[in-house]
Amino acid sequence: MQPRMSVKAGMLSLVLLTLFLAAWHLLVLAQQGPAVEMDPEYAALMGKQATEGASALPKPAEVGAELWRHVTDPFYDAGPNDKGIGIQLAYSLFRVLTGFLLAACVAIPIGFLIGMSPIFRKALDPFIQIMKPVSPLAWMPLALYTIKDSNLSAIFVIFICSVWPMLINTAFGVASVRKEWLNVARTLEVGALRTAFRVVLPAAAPTILTGMRISIGIAWLVIVAAEMLVGGTGIGYFVWNEWNNLSITGVISGIVFIGLVGMLLDMALARASKLVAYAE
Amino acid sequence: MTAPLAKTPKRGEPIGDLMSPAPDTRKKIIQVEGLERRFATPDGKSNTQVFGDVWFSIHEGEFVCLIGHSGCGKTTLLNILAGLDAPTAGGVIVDGKEISGPSLDRSVVFQSHALMPWLSAIKNIAFAVESRWPQWSRKQVLDHCQKYIDLVHLTGSESKKPVQLSGGMKQRVGIARAFSIEPKILLMDEPFSALDALTRGSLQEELLSICAETHQTCFMITHDIDEAILLADKIVLMTNGPEARVCEIVENTLPRERTRQDAYTHPNYYPMRNHLMEFLVSRSKRFSQELSSGSYDPRYPPVVRPTAGPRDAGASKAGEPQPAQDGAKYGDPLR
Ligand SMILES: Nc1ncnc2c1ncn2[C@@H]1O[C@H](COP(=O)(O)OP(=O)(O)OP(=O)(O)O)[C@@H](O)[C@H]1O
Ligand SMILES: [Mg+2]
């Protein structure tokens, strides 16, 4: 039953994709009208769209060719404005993972503290409530001013946006560990550290992993915007650069790669959540 | 906490028994002195007393059962004995020292079994064994755990997670965990309540034989009168809450070496059973009247020894219901 269902779902996905691509192709064709008579100088300024009646949108096949070019040659480096998509993605991934791991190192211990101690929870709550709703990009000018390094600033922005979900989920997971499991540890005279690692951590791990999954999703959203701002390298800069080159095929292939990498990151975290999940 | 550290209270004068046994010379391992527990009411403005003025003691090697209706504070009392909860007044003295927290000497079988769902059955037990003997090797720990898995008839289910076990199997893992650390005192909160009659019977007998062998001191909460008669040397009766009291202490008049078979056929079985049943059915509710009229002293709750009658105790036919000797004739409300 189960395999047949996934085969059917897969086929349906393919049908939907084909329909989408066909609709896209037809739309582009429909937009191609007859060329308009105009002054050649003016025509040179207006570009192909106006002179030849070409659509603003590329055809799916053109995007496909562009994607294929990127996939077959991902790591070429032809100067600061022309690098392979593999290199750009590697820059972005490096920033995201660095910021994310730093955030985990900070958020999980502090989350433990908040979850275990009501006093800390009360004391830190106002800070968290105020900082949490701030768009991570609002930190960018401050980061650029103080850190004076665009790469580190981007990492800082990733750090600040991924810290909150992990912090809040860890605190919640730790605070809601069942009292009876803690009581078992208490009657066995288990020390605080051993209780933290053998009882609280495994009990809260699924909640913590959920927080990490939310964080990495947000981080991947934010890195594109951050790199558009700071420029230089990364997938966000790549998309912005393609836009400046008026290469819509480039922009669309950038979007496709951002989506694919985001999906892979989420899948990795989902796999990790499965490892620590338990049924009650 | 102000524990009234009274001198060892004199044993209450047994009622209804002419052949009073020699006074118990064994050491008192647990002394419960003037214990009271209050909980704040939901609005937080005042509080209600769950139980108060609870005095009783447990001797070394003794098996004590606590019987009372649901919600009278049995689990609360057990948590205080375990050191997981603190009384609002009074104190508990274990081995001559007032307790201030939990200890490996007092092992608990929780009412809700309290297994960790991410650990397999044997790992749940191993967690306790490792805490008790941190210096043991992995193999020593696992061998020890296996012994207790076998004891509760769970051989073959070692590596199952709690979610894959039935309610009764979970309870048995909880029992094995509590036994495995070989504590001085076993505190059990309705350990057999989720078991079928057959498993319950075999575990009760297992428990009986372990206790006979190791002279394990046990304190057990139960709803089951037959279980109490089979297992307990002494049964503490708790009245209905709020403001529950220890109504009286019933000494088991069946011989100490008993099995399920000869317990049912012993002449004192029905007097015991009827007395306990009468308590649960009616006296537990109207104890406050008894309180105001009688000469009840909470420090020395009356000790009762229901027997088939001093003169014809040996002669009465097995299985025949006999009136208890404390003045009243009880019909068995179950029949
Ligand atoms: N943490 C708490 N806060 C407030 N009230 C409580 C708390 N724990 C228990 N109580 C109250 O104390 C009373 C006794 O509870 P307890 O769990 O000890 O009952 P019990 O005798 O073990 O019942 P059962 O046989 O159903 O297990 C109940 O009325 C309960 O509402
Ligand atoms: Mg209870």
# chains A, B, ... in the order shown; residues from 1 in each chain; ligands from 1

call {"tool": "residues_near_ligand", "arguments": {"ligand": "ligand 1", "cutoff": "9 Å", "atoms": "only C-alpha atoms and all ligand atoms", "output": "ChimeraX atom specification"}}
result
/B:37-42,48-51,67-79,111,189-190,221-223,240-242

call {"tool": "write_last_selection", "arguments": {"atoms": "N, CA, C and O atoms", "output": "short mmCIF file (atom, residue, chain, number, x, y, z; two decimals), in the first residue's frame"}}
result
data_model
loop_
_atom_site.label_atom_id
_atom_site.label_comp_id
_atom_site.auth_asym_id
_atom_site.auth_seq_id
_atom_site.Cartn_x
_atom_site.Cartn_y
_atom_site.Cartn_z
N ARG B 37 0.63 17.35 55.73
CA ARG B 37 0.93 17.97 54.44
C ARG B 37 -0.27 18.80 54.01
O ARG B 37 -1.40 18.33 54.00
N ARG B 38 0.01 20.06 53.70
CA ARG B 38 -1.02 20.96 53.19
C ARG B 38 -0.68 21.35 51.77
O ARG B 38 0.50 21.47 51.42
N PHE B 39 -1.68 21.56 50.95
CA PHE B 39 -1.48 22.09 49.61
C PHE B 39 -2.26 23.38 49.49
O PHE B 39 -3.36 23.50 50.02
N ALA B 40 -1.68 24.35 48.77
CA ALA B 40 -2.39 25.60 48.55
C ALA B 40 -3.62 25.33 47.69
O ALA B 40 -3.58 24.51 46.77
N THR B 41 -4.70 26.02 48.01
CA THR B 41 -5.90 25.91 47.18
C THR B 41 -5.62 26.59 45.84
O THR B 41 -4.72 27.42 45.74
N PRO B 42 -6.39 26.25 44.81
CA PRO B 42 -6.11 26.81 43.48
C PRO B 42 -6.03 28.34 43.45
O PRO B 42 -5.23 28.90 42.70
N THR B 48 -5.36 23.59 52.04
CA THR B 48 -6.12 22.49 52.63
C THR B 48 -5.16 21.42 53.13
O THR B 48 -4.13 21.18 52.51
N GLN B 49 -5.54 20.83 54.23
CA GLN B 49 -4.72 19.77 54.78
C GLN B 49 -5.11 18.46 54.11
O GLN B 49 -6.29 18.08 54.14
N VAL B 50 -4.14 17.80 53.49
CA VAL B 50 -4.44 16.49 52.91
C VAL B 50 -4.52 15.46 54.03
O VAL B 50 -5.50 14.74 54.17
N PHE B 51 -3.47 15.41 54.85
CA PHE B 51 -3.52 14.58 56.05
C PHE B 51 -2.74 15.28 57.14
O PHE B 51 -1.96 16.21 56.87
N ILE B 67 -3.61 1.32 53.41
CA ILE B 67 -4.86 1.23 52.67
C ILE B 67 -5.67 2.49 52.91
O ILE B 67 -5.73 3.00 54.04
N GLY B 68 -6.26 3.00 51.85
CA GLY B 68 -7.11 4.17 51.98
C GLY B 68 -7.77 4.44 50.65
O GLY B 68 -7.32 3.93 49.62
N HIS B 69 -8.79 5.26 50.68
CA HIS B 69 -9.50 5.54 49.44
C HIS B 69 -8.68 6.45 48.54
O HIS B 69 -7.77 7.14 49.00
N SER B 70 -9.05 6.47 47.27
CA SER B 70 -8.36 7.30 46.30
C SER B 70 -8.41 8.77 46.73
O SER B 70 -9.45 9.24 47.16
N GLY B 71 -7.29 9.43 46.65
CA GLY B 71 -7.24 10.85 46.97
C GLY B 71 -7.05 11.18 48.43
O GLY B 71 -7.10 12.35 48.81
N CYS B 72 -6.82 10.17 49.28
CA CYS B 72 -6.68 10.48 50.70
C CYS B 72 -5.25 10.90 51.05
O CYS B 72 -4.98 11.31 52.16
N GLY B 73 -4.34 10.81 50.08
CA GLY B 73 -2.99 11.30 50.32
C GLY B 73 -1.95 10.22 50.47
O GLY B 73 -0.87 10.48 51.02
N LYS B 74 -2.23 9.04 49.95
CA LYS B 74 -1.28 7.94 50.09
C LYS B 74 0.00 8.22 49.33
O LYS B 74 1.10 8.06 49.86
N THR B 75 -0.16 8.65 48.07
CA THR B 75 1.03 8.94 47.26
C THR B 75 1.83 10.09 47.87
O THR B 75 3.06 10.06 47.90
N THR B 76 1.11 11.09 48.36
CA THR B 76 1.77 12.22 49.01
C THR B 76 2.61 11.74 50.19
O THR B 76 3.76 12.14 50.36
N LEU B 77 2.02 10.84 50.99
CA LEU B 77 2.73 10.31 52.15
C LEU B 77 3.97 9.54 51.71
O LEU B 77 5.06 9.70 52.27
N LEU B 78 3.81 8.72 50.67
CA LEU B 78 4.94 7.93 50.18
C LEU B 78 6.04 8.83 49.64
O LEU B 78 7.22 8.59 49.86
N ASN B 79 5.64 9.90 48.93
CA ASN B 79 6.64 10.83 48.42
C ASN B 79 7.43 11.47 49.55
O ASN B 79 8.63 11.72 49.41
N GLN B 111 3.77 4.92 41.15
CA GLN B 111 2.43 4.54 40.71
C GLN B 111 2.33 4.60 39.18
O GLN B 111 1.69 3.77 38.56
N ASP B 189 4.22 2.16 45.39
CA ASP B 189 2.94 2.85 45.25
C ASP B 189 2.05 2.05 44.30
O ASP B 189 2.18 2.17 43.08
N GLU B 190 1.19 1.25 44.84
CA GLU B 190 0.30 0.39 44.05
C GLU B 190 1.03 -0.30 42.91
O GLU B 190 0.68 -0.13 41.75
N ILE B 221 1.64 0.78 49.20
CA ILE B 221 0.28 1.31 49.11
C ILE B 221 -0.53 0.35 48.26
O ILE B 221 -0.04 -0.14 47.25
N THR B 222 -1.72 0.06 48.69
CA THR B 222 -2.55 -0.82 47.88
C THR B 222 -4.03 -0.49 48.06
O THR B 222 -4.43 0.14 49.03
N HIS B 223 -4.81 -0.92 47.07
CA HIS B 223 -6.26 -0.83 47.19
C HIS B 223 -6.84 -2.20 47.48
O HIS B 223 -8.02 -2.34 47.74
N ASN B 240 -10.64 8.92 54.82
CA ASN B 240 -10.80 9.72 53.61
C ASN B 240 -10.28 11.14 53.83
O ASN B 240 -10.39 11.70 54.92
N GLY B 241 -9.73 11.71 52.76
CA GLY B 241 -9.28 13.09 52.83
C GLY B 241 -10.43 14.03 52.52
O GLY B 241 -11.50 13.57 52.16
N PRO B 242 -10.28 15.32 52.62
CA PRO B 242 -9.11 15.98 53.21
C PRO B 242 -9.07 15.79 54.73
O PRO B 242 -10.03 15.32 55.31
#

call {"tool": "residues_around", "arguments": {"residues": "Met140 in chain A", "least_positions_apart": "5", "cutoff": "8 Å", "atoms": "only C-alpha atoms", "output": "list of chain:residue names"}}
result
A:Ser153, A:Ala154, A:Val157, A:Ala226

call {"tool": "write_last_selection", "arguments": {"atoms": "N, CA and C atoms", "output": "mmCIF file, in the first residue's frame"}}
result
data_model
loop_
_atom_site.group_PDB
_atom_site.id
_atom_site.type_symbol
_atom_site.label_atom_id
_atom_site.label_comp_id
_atom_site.auth_asym_id
_atom_site.auth_seq_id
_atom_site.Cartn_x
_atom_site.Cartn_y
_atom_site.Cartn_z
ATOM 1 N N SER A 153 30.175 40.102 9.650
ATOM 2 C CA SER A 153 28.863 40.696 9.924
ATOM 3 C C SER A 153 27.751 39.767 9.476
ATOM 4 N N ALA A 154 27.947 39.158 8.295
ATOM 5 C CA ALA A 154 26.927 38.223 7.806
ATOM 6 C C ALA A 154 26.791 37.048 8.777
ATOM 7 N N VAL A 157 24.842 38.125 11.756
ATOM 8 C CA VAL A 157 23.395 38.213 11.504
ATOM 9 C C VAL A 157 22.761 36.817 11.537
ATOM 10 N N ALA A 226 21.003 38.951 3.520
ATOM 11 C CA ALA A 226 22.217 39.544 4.090
ATOM 12 C C ALA A 226 23.286 39.693 3.024
#

call {"tool": "residues_around", "arguments": {"residues": "range 93-109 of chain A", "least_positions_apart": "4", "cutoff": "9 Å", "atoms": "only C-alpha atoms", "output": "PyMOL selection string"}}
result
chain A and resi 88-89+113-114+151-152+154-171+208+212+215-216+219-220+223+234+261

call {"tool": "residues_around", "arguments": {"residues": "Ala225 in chain A", "least_positions_apart": "5", "cutoff": "9 Å", "atoms": "only C-alpha atoms", "output": "PyMOL selection string"}}
result
chain A and resi 137+230+236-237

call {"tool": "write_last_selection", "arguments": {"atoms": "C-alpha atoms", "output": "PDB file, in the first residue's frame"}}
result
ATOM      1  CA  LEU A 137      18.818  42.464   9.097  1.00  0.00           C
ATOM      2  CA  VAL A 230      26.929  43.134   2.003  1.00  0.00           C
ATOM      3  CA  GLY A 236      22.490  36.088  -2.274  1.00  0.00           C
ATOM      4  CA  TYR A 237      25.117  38.210  -3.984  1.00  0.00           C
TER       5      TYR A 237
END

call {"tool": "interface_residues", "arguments": {"of": "chain A", "to": "chain B", "cutoff": "7 Å", "atoms": "only C-alpha atoms", "output": "PDB file with C-alpha atoms, in the first residue's frame"}}
result
ATOM      1  CA  GLU A 180       8.598  11.760  37.519  1.00  0.00           C
ATOM      2  CA  TRP A 181      11.766  11.176  35.466  1.00  0.00           C
ATOM      3  CA  ASN A 183      12.183  12.088  40.667  1.00  0.00           C
ATOM      4  CA  ARG A 186      16.591  12.064  42.614  1.00  0.00           C
ATOM      5  CA  THR A 187      15.759   8.820  44.402  1.00  0.00           C
ATOM      6  CA  LEU A 188      18.854   7.306  42.794  1.00  0.00           C
ATOM      7  CA  GLU A 189      20.972  10.204  44.097  1.00  0.00           C
ATOM      8  CA  VAL A 190      22.124  11.069  40.576  1.00  0.00           C
ATOM      9  CA  TYR A 278      10.998   8.755  21.342  1.00  0.00           C
ATOM     10  CA  ALA A 279       7.397   7.686  21.659  1.00  0.00           C
ATOM     11  CA  GLU A 280       5.638   7.881  24.993  1.00  0.00           C
TER      12      GLU A 280
END

call {"tool": "residues_around", "arguments": {"residues": "Ile258 in chain A", "least_positions_apart": "4", "cutoff": "8 Å", "atoms": "only C-alpha atoms", "output": "PyMOL selection string"}}
result
chain A and resi 235+254+262

call {"tool": "write_last_selection", "arguments": {"atoms": "N, CA and C atoms", "output": "PDB file, in the first residue's frame"}}
result
ATOM      1  N   ILE A 235      25.466  33.155  -2.355  1.00  0.00           N
ATOM      2  CA  ILE A 235      24.367  32.924  -3.280  1.00  0.00           C
ATOM      3  C   ILE A 235      23.448  34.147  -3.357  1.00  0.00           C
ATOM      4  N   GLY A 254      19.407  30.765  -9.744  1.00  0.00           N
ATOM      5  CA  GLY A 254      19.780  31.034  -8.344  1.00  0.00           C
ATOM      6  C   GLY A 254      18.670  30.613  -7.399  1.00  0.00           C
ATOM      7  N   GLY A 262      18.238  24.647   0.655  1.00  0.00           N
ATOM      8  CA  GLY A 262      17.380  24.785   1.840  1.00  0.00           C
ATOM      9  C   GLY A 262      16.699  23.470   2.174  1.00  0.00           C
TER      10      GLY A 262
END
